[in-house]
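Asks: See model_32.txt below, with compact mmCIF, C-alpha atoms and all ligand atoms.
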```txt
# COMPACT_ATOMS: atom_id res chain seq x y z
CA MET A 1 -26.26 -20.28 0.74
CA SER A 2 -26.81 -21.59 -2.72
CA THR A 3 -27.49 -18.76 -5.17
CA SER A 4 -29.36 -21.20 -7.37
CA THR A 5 -32.21 -21.10 -4.84
CA SER A 6 -34.81 -18.35 -4.99
CA THR A 7 -33.69 -16.70 -1.76
CA ALA A 8 -30.73 -14.58 -0.72
CA PRO A 9 -29.50 -13.60 2.74
CA TRP A 10 -29.84 -9.84 2.05
CA ARG A 11 -32.85 -7.57 1.73
CA ARG A 12 -31.05 -4.58 0.23
CA ALA A 13 -27.81 -4.33 -1.69
CA VAL A 14 -25.65 -1.58 -3.13
CA VAL A 15 -23.73 -2.32 -6.32
CA THR A 16 -21.10 0.30 -7.15
CA GLY A 17 -20.30 0.20 -10.86
CA GLY A 18 -23.70 -1.37 -11.40
CA ALA A 19 -24.09 0.11 -14.90
CA GLY A 20 -20.97 -1.65 -16.11
CA PHE A 21 -20.62 -5.05 -17.72
CA LEU A 22 -20.32 -7.20 -14.59
CA GLY A 23 -22.22 -4.82 -12.32
CA SER A 24 -25.33 -4.88 -14.52
CA HIS A 25 -25.40 -8.69 -14.48
CA LEU A 26 -25.03 -8.62 -10.69
CA CYS A 27 -27.88 -6.10 -10.29
CA GLU A 28 -30.11 -8.29 -12.44
CA ARG A 29 -29.24 -11.50 -10.60
CA LEU A 30 -29.84 -9.88 -7.21
CA LEU A 31 -33.22 -8.54 -8.33
CA ASP A 32 -34.10 -12.05 -9.55
CA LEU A 33 -33.27 -13.28 -6.05
CA GLY A 34 -35.71 -10.74 -4.57
CA VAL A 35 -33.07 -8.29 -3.30
CA GLU A 36 -33.66 -4.51 -3.55
CA VAL A 37 -30.74 -3.00 -5.44
CA VAL A 38 -29.25 0.48 -5.53
CA CYS A 39 -26.82 0.84 -8.43
CA VAL A 40 -24.30 3.65 -7.95
CA ASP A 41 -22.47 4.65 -11.10
CA ASN A 42 -20.95 7.75 -12.72
CA PHE A 43 -20.90 6.18 -16.21
CA ALA A 44 -17.14 6.60 -16.53
CA SER A 45 -17.11 3.33 -18.49
CA GLY A 46 -20.65 2.06 -17.98
CA ALA A 47 -23.68 2.44 -20.23
CA GLU A 48 -27.34 3.35 -19.77
CA ALA A 49 -28.22 0.50 -22.09
CA ASN A 50 -26.80 -2.04 -19.63
CA ILE A 51 -29.45 -1.22 -17.03
CA ALA A 52 -32.32 0.15 -19.17
CA HIS A 53 -34.16 -3.18 -18.84
CA LEU A 54 -33.98 -2.90 -15.02
CA ASP A 55 -35.57 0.57 -14.79
CA ASP A 56 -39.08 -0.80 -14.39
CA ARG A 57 -38.17 -3.60 -12.02
CA ALA A 58 -39.52 -3.21 -8.50
CA GLY A 59 -36.71 -2.62 -6.05
CA PHE A 60 -34.20 -1.16 -8.54
CA ARG A 61 -32.78 2.35 -8.19
CA LEU A 62 -29.96 4.19 -9.90
CA VAL A 63 -27.86 6.79 -8.10
CA ARG A 64 -25.61 8.70 -10.50
CA HIS A 65 -22.53 9.51 -8.52
CA ASP A 66 -18.79 9.23 -8.39
CA VAL A 67 -18.14 6.80 -5.54
CA SER A 68 -14.73 8.39 -4.90
CA ALA A 69 -16.59 11.43 -3.48
CA PRO A 70 -18.24 10.61 -0.14
CA GLU A 71 -21.53 12.45 -0.89
CA TRP A 72 -23.02 9.38 -2.57
CA LEU A 73 -23.49 7.85 0.85
CA ASN A 74 -26.07 10.59 1.60
CA ALA A 75 -27.87 9.95 -1.71
CA LEU A 76 -28.54 6.29 -0.95
CA GLY A 77 -31.71 6.80 1.05
CA ASP A 78 -33.09 4.33 3.51
CA GLY A 79 -30.88 1.53 4.66
CA PRO A 80 -29.69 -0.51 6.19
CA TYR A 81 -27.99 -2.38 3.39
CA GLY A 82 -26.94 -5.96 3.91
CA LEU A 83 -24.53 -6.23 0.99
CA VAL A 84 -22.13 -3.84 -0.73
CA LEU A 85 -20.62 -5.09 -3.97
CA HIS A 86 -17.80 -2.66 -4.77
CA PHE A 87 -17.34 -3.06 -8.51
CA ALA A 88 -16.85 0.54 -9.62
CA CYS A 89 -13.57 0.91 -11.50
CA PRO A 90 -12.60 1.32 -15.14
CA ALA A 91 -11.55 -2.22 -16.06
CA SER A 92 -10.36 -2.29 -19.65
CA PRO A 93 -6.86 -1.01 -20.39
CA ALA A 94 -8.30 1.56 -22.81
CA ASP A 95 -10.49 2.95 -20.03
CA TYR A 96 -7.97 3.01 -17.21
CA LEU A 97 -5.29 4.53 -19.43
CA ARG A 98 -7.82 7.26 -20.35
CA LEU A 99 -8.72 7.71 -16.64
CA PRO A 100 -5.48 7.04 -14.74
CA LEU A 101 -6.07 9.29 -11.72
CA GLU A 102 -9.76 8.41 -11.45
CA THR A 103 -8.78 4.73 -11.46
CA LEU A 104 -6.41 5.28 -8.54
CA ASP A 105 -9.08 7.34 -6.76
CA VAL A 106 -11.79 4.71 -7.03
CA GLY A 107 -9.48 2.02 -5.63
CA SER A 108 -8.48 4.25 -2.71
CA ALA A 109 -11.15 6.84 -1.80
CA GLY A 110 -13.93 4.86 -3.50
CA THR A 111 -13.07 1.70 -1.58
CA ARG A 112 -12.77 3.67 1.65
CA ASN A 113 -16.28 5.10 1.13
CA ALA A 114 -17.76 1.69 0.29
CA LEU A 115 -16.14 0.26 3.42
CA ALA A 116 -17.56 3.12 5.53
CA LEU A 117 -21.05 2.21 4.28
CA ALA A 118 -20.57 -1.48 5.04
CA HIS A 119 -19.25 -0.67 8.50
CA ARG A 120 -22.12 1.77 9.20
CA ASP A 121 -24.76 -0.80 8.25
CA GLY A 122 -23.00 -3.95 9.49
CA ALA A 123 -23.13 -5.14 5.86
CA ARG A 124 -20.99 -7.64 4.00
CA LEU A 125 -18.67 -5.91 1.49
CA LEU A 126 -17.11 -7.68 -1.46
CA LEU A 127 -14.33 -6.01 -3.44
CA ALA A 128 -13.95 -6.81 -7.13
CA SER A 129 -10.22 -7.36 -7.40
CA THR A 130 -8.41 -8.82 -10.35
CA SER A 131 -5.86 -11.27 -11.70
CA GLU A 132 -3.86 -8.11 -12.46
CA VAL A 133 -2.72 -8.04 -8.82
CA TYR A 134 -0.43 -10.90 -9.92
CA GLY A 135 1.00 -8.64 -12.67
CA ASP A 136 3.04 -10.57 -15.24
CA PRO A 137 3.16 -13.68 -13.04
CA LEU A 138 6.30 -15.71 -12.45
CA VAL A 139 4.26 -18.51 -10.85
CA HIS A 140 1.81 -20.52 -12.89
CA PRO A 141 -1.07 -21.11 -12.38
CA GLN A 142 -1.66 -18.29 -9.92
CA ARG A 143 -2.68 -19.21 -6.39
CA GLU A 144 -4.05 -16.69 -3.93
CA ASP A 145 -0.86 -16.83 -1.83
CA TYR A 146 1.29 -15.64 -4.77
CA TRP A 147 2.24 -11.97 -4.21
CA GLY A 148 2.66 -11.08 -7.85
CA ASN A 149 5.08 -9.40 -10.19
CA VAL A 150 3.81 -5.87 -10.76
CA ASN A 151 5.65 -2.89 -12.22
CA PRO A 152 4.62 -0.06 -9.85
CA VAL A 153 5.35 2.68 -12.40
CA GLY A 154 4.41 0.98 -15.67
CA PRO A 155 1.37 2.00 -17.70
CA ARG A 156 -0.82 -0.72 -16.15
CA SER A 157 0.17 0.28 -12.61
CA VAL A 158 -2.77 2.67 -12.20
CA TYR A 159 -5.09 -0.31 -12.34
CA ASP A 160 -2.91 -2.98 -10.75
CA GLU A 161 -1.80 -0.83 -7.83
CA SER A 162 -5.27 0.63 -7.35
CA LYS A 163 -6.57 -2.89 -6.83
CA ARG A 164 -3.65 -3.92 -4.65
CA PHE A 165 -4.21 -0.87 -2.45
CA ALA A 166 -7.95 -1.61 -2.36
CA GLU A 167 -7.17 -5.15 -1.18
CA ALA A 168 -4.93 -3.72 1.56
CA LEU A 169 -7.70 -1.32 2.63
CA VAL A 170 -10.30 -4.08 2.80
CA THR A 171 -7.97 -6.27 4.83
CA ALA A 172 -7.08 -3.42 7.20
CA HIS A 173 -10.73 -2.39 7.66
CA ALA A 174 -11.71 -5.95 8.49
CA GLY A 175 -8.84 -6.20 11.00
CA ALA A 176 -9.07 -2.75 12.58
CA LYS A 177 -12.83 -2.20 12.59
CA GLY A 178 -14.26 -5.68 12.28
CA THR A 179 -15.94 -4.92 8.93
CA ASP A 180 -17.26 -8.06 7.25
CA ALA A 181 -15.32 -7.70 4.01
CA GLY A 182 -14.02 -10.09 1.37
CA ILE A 183 -12.13 -10.02 -1.92
CA VAL A 184 -12.70 -11.81 -5.22
CA ARG A 185 -9.88 -11.84 -7.77
CA LEU A 186 -11.59 -12.10 -11.14
CA PHE A 187 -9.89 -13.45 -14.26
CA ASN A 188 -10.89 -12.41 -17.79
CA THR A 189 -14.65 -12.55 -17.66
CA TYR A 190 -16.51 -11.92 -20.91
CA GLY A 191 -20.02 -11.99 -22.32
CA PRO A 192 -22.97 -9.84 -23.34
CA ARG A 193 -22.89 -6.11 -22.42
CA MET A 194 -19.18 -5.63 -22.85
CA ARG A 195 -18.66 -2.50 -24.91
CA ALA A 196 -17.82 -3.10 -28.56
CA HIS A 197 -14.73 -0.94 -28.46
CA ASP A 198 -13.53 -1.25 -24.89
CA GLY A 199 -10.29 -2.83 -26.11
CA ARG A 200 -10.66 -6.20 -24.37
CA ALA A 201 -9.87 -9.18 -26.60
CA VAL A 202 -13.25 -10.94 -26.86
CA PRO A 203 -15.52 -7.98 -27.78
CA THR A 204 -12.80 -6.54 -30.00
CA PHE A 205 -12.38 -9.78 -31.97
CA VAL A 206 -16.12 -10.43 -32.19
CA CYS A 207 -16.87 -6.92 -33.47
CA GLN A 208 -13.96 -6.98 -35.92
CA ALA A 209 -15.06 -10.38 -37.25
CA LEU A 210 -18.71 -9.27 -37.63
CA ALA A 211 -17.56 -6.15 -39.49
CA GLY A 212 -15.28 -8.20 -41.75
CA GLU A 213 -12.25 -6.29 -40.48
CA PRO A 214 -8.85 -7.82 -39.62
CA LEU A 215 -8.61 -9.14 -36.04
CA THR A 216 -5.85 -7.26 -34.24
CA VAL A 217 -3.84 -9.84 -32.31
CA ALA A 218 -1.24 -8.39 -29.93
CA GLY A 219 2.30 -9.70 -30.44
CA ASP A 220 2.36 -13.17 -31.97
CA GLY A 221 -0.78 -14.12 -30.01
CA SER A 222 0.98 -16.83 -27.98
CA GLN A 223 0.17 -15.13 -24.65
CA THR A 224 -2.53 -17.01 -22.77
CA ARG A 225 -5.74 -16.08 -20.99
CA SER A 226 -8.29 -18.17 -19.09
CA LEU A 227 -11.74 -17.04 -20.11
CA CYS A 228 -14.76 -17.24 -17.85
CA TYR A 229 -18.32 -16.65 -19.04
CA VAL A 230 -20.17 -13.93 -17.12
CA ASP A 231 -22.92 -16.19 -15.70
CA ASP A 232 -20.31 -18.43 -14.09
CA THR A 233 -18.40 -15.47 -12.63
CA VAL A 234 -21.61 -13.94 -11.22
CA GLU A 235 -22.48 -17.23 -9.53
CA GLY A 236 -19.02 -17.40 -7.94
CA ILE A 237 -19.18 -13.78 -6.78
CA LEU A 238 -22.52 -14.31 -5.02
CA LEU A 239 -21.28 -17.46 -3.31
CA VAL A 240 -18.29 -15.59 -1.87
CA ALA A 241 -20.55 -12.64 -1.02
CA ALA A 242 -22.84 -14.92 0.98
CA SER A 243 -19.93 -16.22 3.06
CA ARG A 244 -17.82 -14.48 5.71
CA SER A 245 -14.57 -15.29 3.95
CA VAL A 246 -11.91 -12.61 4.39
CA ARG A 247 -9.28 -14.32 2.24
CA PRO A 248 -8.94 -13.29 -1.40
CA VAL A 249 -10.56 -15.89 -3.65
CA ASN A 250 -9.73 -16.47 -7.32
CA ILE A 251 -12.65 -16.82 -9.70
CA GLY A 252 -11.91 -17.69 -13.30
CA GLY A 253 -11.92 -20.18 -16.12
CA THR A 254 -9.52 -23.07 -16.07
CA ASP A 255 -9.18 -23.60 -19.84
CA GLU A 256 -6.04 -21.70 -20.72
CA VAL A 257 -6.03 -20.61 -24.35
CA THR A 258 -3.77 -18.42 -26.44
CA VAL A 259 -5.03 -15.08 -27.67
CA ARG A 260 -4.45 -16.35 -31.21
CA GLU A 261 -6.73 -19.35 -30.57
CA ILE A 262 -9.45 -17.02 -29.31
CA ALA A 263 -9.21 -14.92 -32.48
CA GLU A 264 -9.24 -17.98 -34.75
CA ARG A 265 -12.25 -19.45 -32.95
CA VAL A 266 -14.14 -16.15 -33.23
CA ILE A 267 -13.54 -16.17 -37.00
CA GLU A 268 -14.77 -19.75 -37.22
CA LEU A 269 -17.89 -19.15 -35.11
CA THR A 270 -18.90 -15.94 -36.88
CA GLY A 271 -18.21 -17.44 -40.32
CA SER A 272 -16.26 -14.25 -41.05
CA ARG A 273 -13.80 -13.81 -43.92
CA SER A 274 -11.59 -11.70 -41.64
CA ARG A 275 -7.94 -12.52 -41.27
CA LEU A 276 -5.56 -11.96 -38.36
CA THR A 277 -3.25 -8.99 -38.24
CA PHE A 278 -0.49 -8.74 -35.67
CA VAL A 279 0.02 -5.49 -33.76
CA GLU A 280 2.50 -4.37 -31.12
CA ARG A 281 2.01 -6.01 -27.76
CA PRO A 282 1.24 -3.55 -24.90
CA VAL A 283 3.97 -2.89 -22.33
CA ASP A 284 3.85 -5.30 -19.34
CA ASP A 285 1.13 -7.42 -20.99
CA PRO A 286 1.05 -10.68 -18.97
CA ALA A 287 2.49 -13.65 -20.90
CA ARG A 288 0.50 -16.35 -19.15
CA ARG A 289 -2.56 -16.20 -16.99
CA ARG A 290 -4.52 -18.99 -15.36
CA PRO A 291 -6.13 -19.10 -11.93
CA ASP A 292 -5.59 -21.88 -9.48
CA THR A 293 -9.23 -22.34 -8.46
CA THR A 294 -8.69 -24.96 -5.75
CA LEU A 295 -9.77 -22.56 -3.00
CA VAL A 296 -13.10 -21.50 -4.53
CA ARG A 297 -13.86 -25.13 -5.40
CA GLU A 298 -13.06 -26.41 -1.92
CA LEU A 299 -14.71 -23.59 0.04
CA PHE A 300 -17.76 -22.97 -2.14
CA GLY A 301 -18.05 -25.90 -4.55
CA TRP A 302 -17.82 -23.41 -7.43
CA GLU A 303 -16.60 -24.29 -10.87
CA PRO A 304 -17.33 -22.80 -14.27
CA HIS A 305 -19.92 -24.57 -16.43
CA VAL A 306 -19.96 -22.72 -19.74
CA PRO A 307 -17.18 -23.95 -22.08
CA TRP A 308 -15.42 -21.00 -23.70
CA PRO A 309 -16.52 -21.70 -27.30
CA GLU A 310 -20.14 -21.80 -26.09
CA GLY A 311 -19.67 -18.52 -24.22
CA ILE A 312 -18.15 -16.97 -27.35
CA LYS A 313 -21.22 -18.09 -29.33
CA ARG A 314 -23.51 -16.37 -26.81
CA THR A 315 -21.37 -13.22 -26.97
CA ILE A 316 -21.54 -13.21 -30.77
CA ALA A 317 -25.34 -13.57 -30.56
CA HIS A 318 -25.43 -10.51 -28.28
CA PHE A 319 -23.42 -8.37 -30.68
CA GLU A 320 -25.67 -9.52 -33.53
CA THR A 321 -28.93 -8.39 -31.89
CA PRO A 322 -30.29 -5.45 -33.92
CA THR A 323 -29.99 -2.71 -31.26
CA VAL A 324 -26.47 -3.72 -30.25
CA ALA A 325 -25.40 -4.19 -33.87
CA GLY A 326 -26.59 -0.65 -34.68
CA ALA A 327 -24.67 0.83 -31.77
CA ARG A 328 -21.64 -1.27 -32.69
CA ARG A 329 -21.50 0.22 -36.17
CA THR A 330 -21.99 3.84 -35.09
CA SER A 331 -19.67 3.91 -32.06
P1 LIG B 1 -16.85 -1.89 -16.64
O1 LIG B 1 -15.95 -0.80 -17.07
O2 LIG B 1 -17.86 -2.39 -17.61
O3 LIG B 1 -17.64 -1.49 -15.31
C1 LIG B 1 -17.13 -0.61 -14.35
C2 LIG B 1 -18.26 0.31 -13.91
O4 LIG B 1 -17.78 1.15 -12.85
C3 LIG B 1 -18.76 1.23 -15.02
O5 LIG B 1 -20.16 1.23 -15.08
C4 LIG B 1 -18.23 2.59 -14.61
O6 LIG B 1 -19.00 3.66 -15.12
C5 LIG B 1 -18.23 2.48 -13.11
N1 LIG B 1 -17.32 3.40 -12.45
C6 LIG B 1 -16.00 3.57 -12.68
N2 LIG B 1 -15.50 4.49 -11.84
C7 LIG B 1 -16.53 4.91 -11.07
C8 LIG B 1 -16.64 5.85 -10.02
N3 LIG B 1 -15.58 6.56 -9.58
N4 LIG B 1 -17.84 6.05 -9.45
C9 LIG B 1 -18.92 5.35 -9.86
N5 LIG B 1 -18.88 4.43 -10.85
C10 LIG B 1 -17.69 4.22 -11.45
O7 LIG B 1 -15.93 -3.08 -16.14
P2 LIG B 1 -16.29 -4.57 -15.68
O8 LIG B 1 -15.59 -5.50 -16.58
O9 LIG B 1 -17.73 -4.70 -15.48
O10 LIG B 1 -15.55 -4.63 -14.27
C11 LIG B 1 -16.27 -4.44 -13.06
C12 LIG B 1 -15.33 -4.63 -11.89
O11 LIG B 1 -14.79 -5.95 -11.93
C13 LIG B 1 -14.16 -3.67 -11.90
O12 LIG B 1 -13.87 -3.32 -10.55
C14 LIG B 1 -13.04 -4.50 -12.46
O13 LIG B 1 -11.79 -4.08 -12.03
C15 LIG B 1 -13.38 -5.89 -11.95
N6 LIG B 1 -12.82 -6.95 -12.79
C16 LIG B 1 -13.39 -7.25 -14.00
C17 LIG B 1 -12.82 -8.26 -14.75
C18 LIG B 1 -13.41 -8.68 -16.08
O14 LIG B 1 -12.87 -9.60 -16.68
N7 LIG B 1 -14.50 -8.12 -16.56
C19 LIG B 1 -11.66 -8.92 -14.34
C20 LIG B 1 -11.10 -8.53 -13.13
C21 LIG B 1 -11.70 -7.57 -12.35
```
Written as structure tokens, that's how I'd like the structure from this file.
Ligand code: NAD

Replies:
Amino acid sequence: MSTSTSTAPWRRAVVTGGAGFLGSHLCERLLDLGVEVVCVDNFASGAEANIAHLDDRAGFRLVRHDVSAPEWLNALGDGPYGLVLHFACPASPADYLRLPLETLDVGSAGTRNALALAHRDGARLLLASTSEVYGDPLVHPQREDYWGNVNPVGPRSVYDESKRFAEALVTAHAGAKGTDAGIVRLFNTYGPRMRAHDGRAVPTFVCQALAGEPLTVAGDGSQTRSLCYVDDTVEGILLVAASRSVRPVNIGGTDEVTVREIAERVIELTGSRSRLTFVERPVDDPARRRPDTTLVRELFGWEPHVPWPEGIKRTIAHFETPTVAGARRTS
């Protein structure tokens, strides 16, 4: 299917983590496509504000629940559901370091519960996995057949290993029970509705620049990231969701930039007088990160359209809107 049409192959969808940054954009896009959406979220790292504008939309429902506990399946109400987007998981390092055991739980028990729902309803399940399954990669750019370089007991392991285990579960469920399940490995997506202080580079730099504070660049800032604007990522996710692909698929930007370049561009685009300040680099922080997107291009014709400076401008505009700016200053 093409998600740029006005139809989608599902009548009802469940989005776990739907009150988060990516989840809220997915809920909105699905509603725009005429799909009824149940958002399941425990607000571990999500925000009411992300979905407040969806409250009045026909076909939208919020279920407040921890998806690692199986009871949420009983709170869903009438099915069957045709699509399960399993996006619940703290995603910023600040959040998963604050919630280490919960992060492991949502990748294991949470994924198991989401798979049980998909299997019960004969639905398509898509797992939000991550570039972090490649760890601090020794192969560059990262293709889906690279197995990664992950420290299983380092501070980031709660997230990396949670996602690696979740990928194993999805693969095993598809093989053992015939569940229609796929995996997207997302790389550094950014845009409106990220939390001001969630610790990820783009919102952190934007908010520091708007406040006139120094931009805290980790290390010497020469480590690279490949940024992808949220609208592009959402489009890619829905294309993979609408397929029956079982193989993990990378989705991410192809412009590799250094963290220092991101900070400098944010200063330029905000017109801020802020300067850079260099802070200690986190343990096991990946040195280079760029997806090989050949597979998603060949299978689905997907490629990102929003150049990163344009996406940064849109993100700045979001953080400058009066309600967000107020919350930014008080949080
Ligand atoms: P986010 O923190 O904004 O959203 C995660 C959401 O999941 C939040 O609303 C949170 O409250 C919810 N959640 C967490 N644990 C839960 C639980 N046990 N039960 C119910 N809800 C729970 O993060 P995001 O950036 O929107 O990421 C969404 C998903 O995409 C995550 O699975 C993340 O690992 C994955 N991902 C994101 C990126 C990115 O660049 N944004 C990159 C790779 C992977």

Asks: Which residues sit within 7 Å of ligand LIG 1 (chain B), counting all atoms listed in the file, listed as a ChimeraX atom specification?

Replies: /A:16-23,40-47,65-68,87-92,102-103,106,110,128-131,185-190,194

Asks: Include C-alpha atoms and write out the residues we just selected as a PDB file, in the coordinates of the input.

Replies:
```
ATOM      1  CA  THR A  16     -21.100   0.300  -7.150  1.00  0.00           C
ATOM      2  CA  GLY A  17     -20.300   0.200 -10.860  1.00  0.00           C
ATOM      3  CA  GLY A  18     -23.700  -1.370 -11.400  1.00  0.00           C
ATOM      4  CA  ALA A  19     -24.090   0.110 -14.900  1.00  0.00           C
ATOM      5  CA  GLY A  20     -20.970  -1.650 -16.110  1.00  0.00           C
ATOM      6  CA  PHE A  21     -20.620  -5.050 -17.720  1.00  0.00           C
ATOM      7  CA  LEU A  22     -20.320  -7.200 -14.590  1.00  0.00           C
ATOM      8  CA  GLY A  23     -22.220  -4.820 -12.320  1.00  0.00           C
ATOM      9  CA  VAL A  40     -24.300   3.650  -7.950  1.00  0.00           C
ATOM     10  CA  ASP A  41     -22.470   4.650 -11.100  1.00  0.00           C
ATOM     11  CA  ASN A  42     -20.950   7.750 -12.720  1.00  0.00           C
ATOM     12  CA  PHE A  43     -20.900   6.180 -16.210  1.00  0.00           C
ATOM     13  CA  ALA A  44     -17.140   6.600 -16.530  1.00  0.00           C
ATOM     14  CA  SER A  45     -17.110   3.330 -18.490  1.00  0.00           C
ATOM     15  CA  GLY A  46     -20.650   2.060 -17.980  1.00  0.00           C
ATOM     16  CA  ALA A  47     -23.680   2.440 -20.230  1.00  0.00           C
ATOM     17  CA  HIS A  65     -22.530   9.510  -8.520  1.00  0.00           C
ATOM     18  CA  ASP A  66     -18.790   9.230  -8.390  1.00  0.00           C
ATOM     19  CA  VAL A  67     -18.140   6.800  -5.540  1.00  0.00           C
ATOM     20  CA  SER A  68     -14.730   8.390  -4.900  1.00  0.00           C
ATOM     21  CA  PHE A  87     -17.340  -3.060  -8.510  1.00  0.00           C
ATOM     22  CA  ALA A  88     -16.850   0.540  -9.620  1.00  0.00           C
ATOM     23  CA  CYS A  89     -13.570   0.910 -11.500  1.00  0.00           C
ATOM     24  CA  PRO A  90     -12.600   1.320 -15.140  1.00  0.00           C
ATOM     25  CA  ALA A  91     -11.550  -2.220 -16.060  1.00  0.00           C
ATOM     26  CA  SER A  92     -10.360  -2.290 -19.650  1.00  0.00           C
ATOM     27  CA  GLU A 102      -9.760   8.410 -11.450  1.00  0.00           C
ATOM     28  CA  THR A 103      -8.780   4.730 -11.460  1.00  0.00           C
ATOM     29  CA  VAL A 106     -11.790   4.710  -7.030  1.00  0.00           C
ATOM     30  CA  GLY A 110     -13.930   4.860  -3.500  1.00  0.00           C
ATOM     31  CA  ALA A 128     -13.950  -6.810  -7.130  1.00  0.00           C
ATOM     32  CA  SER A 129     -10.220  -7.360  -7.400  1.00  0.00           C
ATOM     33  CA  THR A 130      -8.410  -8.820 -10.350  1.00  0.00           C
ATOM     34  CA  SER A 131      -5.860 -11.270 -11.700  1.00  0.00           C
ATOM     35  CA  ARG A 185      -9.880 -11.840  -7.770  1.00  0.00           C
ATOM     36  CA  LEU A 186     -11.590 -12.100 -11.140  1.00  0.00           C
ATOM     37  CA  PHE A 187      -9.890 -13.450 -14.260  1.00  0.00           C
ATOM     38  CA  ASN A 188     -10.890 -12.410 -17.790  1.00  0.00           C
ATOM     39  CA  THR A 189     -14.650 -12.550 -17.660  1.00  0.00           C
ATOM     40  CA  TYR A 190     -16.510 -11.920 -20.910  1.00  0.00           C
ATOM     41  CA  MET A 194     -19.180  -5.630 -22.850  1.00  0.00           C
TER      42      MET A 194
END
```

Asks: Find the residues around stretch 49-61 of chain A up to 8 Å (all atoms listed in the file counted), leave out those fewer than 4 positions away in its own chain, and share them as a list of chain:residue names.

Replies: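 My reading of the contact set: A:Ala19, A:Gly20, A:Phe21, A:Ser24, A:Glu28, A:Leu31, A:Val35, A:Glu36, A:Val37, A:Val38, A:Cys39, A:Arg193.
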
Asks: Tell me which protein, DNA and RNA residues are within 12 Å of A:Ser157, counting all atoms listed in the file, leaving out same-chain ones fewer than 6 positions away, and put them as a PyMOL selection string.

Replies: chain A and resi 93+96-97+100-101+103-104+132-136+149-151+163-165+283-285

Asks: Could you tell me how far atom CA of A:Thr204 sits from atom CA of A:Ser274, in Å to one decimal place?

Replies: 12.8 Å

Asks: Please indicate the distance in Å from atom CA of A:Lys313 to atom CA of A:Pro192, rounded to one decimal place.

Replies: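 So the answer is 10.3 Å.
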
Asks: Between A:Ala94, A:Leu99, A:Val257, A:Ala118, single out the one closest to A:Val14, counting all atoms listed in the file.

Replies: A:Ala118

Asks: One decimal, Å: what's the distance from atom CA of A:Thr321 over to atom CA of A:Asp198, could you say?

Replies: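 If I compute the distance from atom CA of A:Thr321 to atom CA of A:Asp198, I get 18.4 Å.
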
Asks: So that each row is one residue of stretch 78-116 of chain A with an atom at most 10 Å from stretch 170-177 of chain A, can you give its shortest atom pair and the distance in Å to one decimal, using all atoms listed in the file, rows by chain and rising number, as a Markdown table?

Replies:
```
| residue | atom | partner | partner_atom | distance |
| --- | --- | --- | --- | --- |
| A:Thr111 | CA | A:Val170 | CA | 7.8 |
| A:Arg112 | CA | A:Val170 | CA | 8.2 |
| A:Ala114 | CA | A:Val170 | CA | 9.8 |
| A:Leu115 | CA | A:Val170 | CA | 7.3 |
| A:Ala116 | CA | A:His173 | CA | 9.0 |
```

Asks: With distances taken over all atoms listed in the file, which of A:Asp95, A:Asp145, A:Glu167, A:Asp255 is nearest to A:Ser108?

Replies: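 Ranking A:Asp95, A:Asp145, A:Glu167, A:Asp255 by distance to A:Ser108, first place goes to A:Glu167.
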
Asks: Using only C-alpha atoms, find the one residue out of A:Leu62, A:Leu127, A:Ile251, A:Val158 that sits nearest to A:Arg290.

Replies: A:Ile251

Asks: Which of these residues is nearest to A:Leu169, using only C-alpha atoms: A:Ala123, A:Cys207, A:Ala109, A:Ala196?

Replies: A:Ala109

Asks: Write out as a PDB file with C-alpha atoms, keeping the file's coordinate frame which residues come within 10 Å of A:Gly212 when counting all atoms listed in the file, dropping same-chain ones fewer than 4 positions away.

Replies:
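Saved file out.pdb follows:
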```
ATOM      1  CA  VAL A 206     -16.120 -10.430 -32.190  1.00  0.00           C
ATOM      2  CA  CYS A 207     -16.870  -6.920 -33.470  1.00  0.00           C
ATOM      3  CA  GLN A 208     -13.960  -6.980 -35.920  1.00  0.00           C
ATOM      4  CA  ILE A 267     -13.540 -16.170 -37.000  1.00  0.00           C
ATOM      5  CA  THR A 270     -18.900 -15.940 -36.880  1.00  0.00           C
ATOM      6  CA  GLY A 271     -18.210 -17.440 -40.320  1.00  0.00           C
ATOM      7  CA  SER A 272     -16.260 -14.250 -41.050  1.00  0.00           C
ATOM      8  CA  ARG A 273     -13.800 -13.810 -43.920  1.00  0.00           C
ATOM      9  CA  SER A 274     -11.590 -11.700 -41.640  1.00  0.00           C
ATOM     10  CA  ARG A 275      -7.940 -12.520 -41.270  1.00  0.00           C
TER      11      ARG A 275
END
```

Asks: For A:Val63, which residue among A:Gly178, A:Trp147, A:Pro203, A:Ala75 is the nearest when counting only C-alpha atoms?

Replies: A:Ala75

Asks: Have a look at A:Thr315, A:Arg289, A:His25, A:Arg98 and name the one nearest to A:Pro155; count all atoms listed in the file.

Replies: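 Ranking A:Thr315, A:Arg289, A:His25, A:Arg98 by distance to A:Pro155, first place goes to A:Arg98.
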
Asks: Give me the box for stretch 131-139 of chain A as JSON, namely the centre and edge lengths in Å to one decimal of a box along x, y and z that holds every listed atom plus 4 Å on each side.

Replies:
```
{"center_x": 0.2, "center_y": -13.3, "center_z": -12.0, "size_x": 20.2, "size_y": 18.5, "size_z": 14.4}
```

Asks: Contacts between stretch 138-142 of chain A and stretch 237-285 of chain A, please, where a residue of stretch 237-285 of chain A counts if it comes within 12 Å (with all atoms listed in the file); show its shortest atom pair and distance in Å to one decimal, rows by chain and ascending number, as a tab-separated table.

Replies:
```
residue	atom	partner	partner_atom	distance
A:Val249	CA	A:Gln142	CA	11.1
A:Asn250	CA	A:Gln142	CA	8.7
A:Ile251	CA	A:Gln142	CA	11.1
A:Gly252	CA	A:Gln142	CA	10.8
A:Gly253	CA	A:Pro141	CA	11.5
A:Thr254	CA	A:Pro141	CA	9.4
A:Asp255	CA	A:Pro141	CA	11.3
A:Glu256	CA	A:Pro141	CA	9.7
```
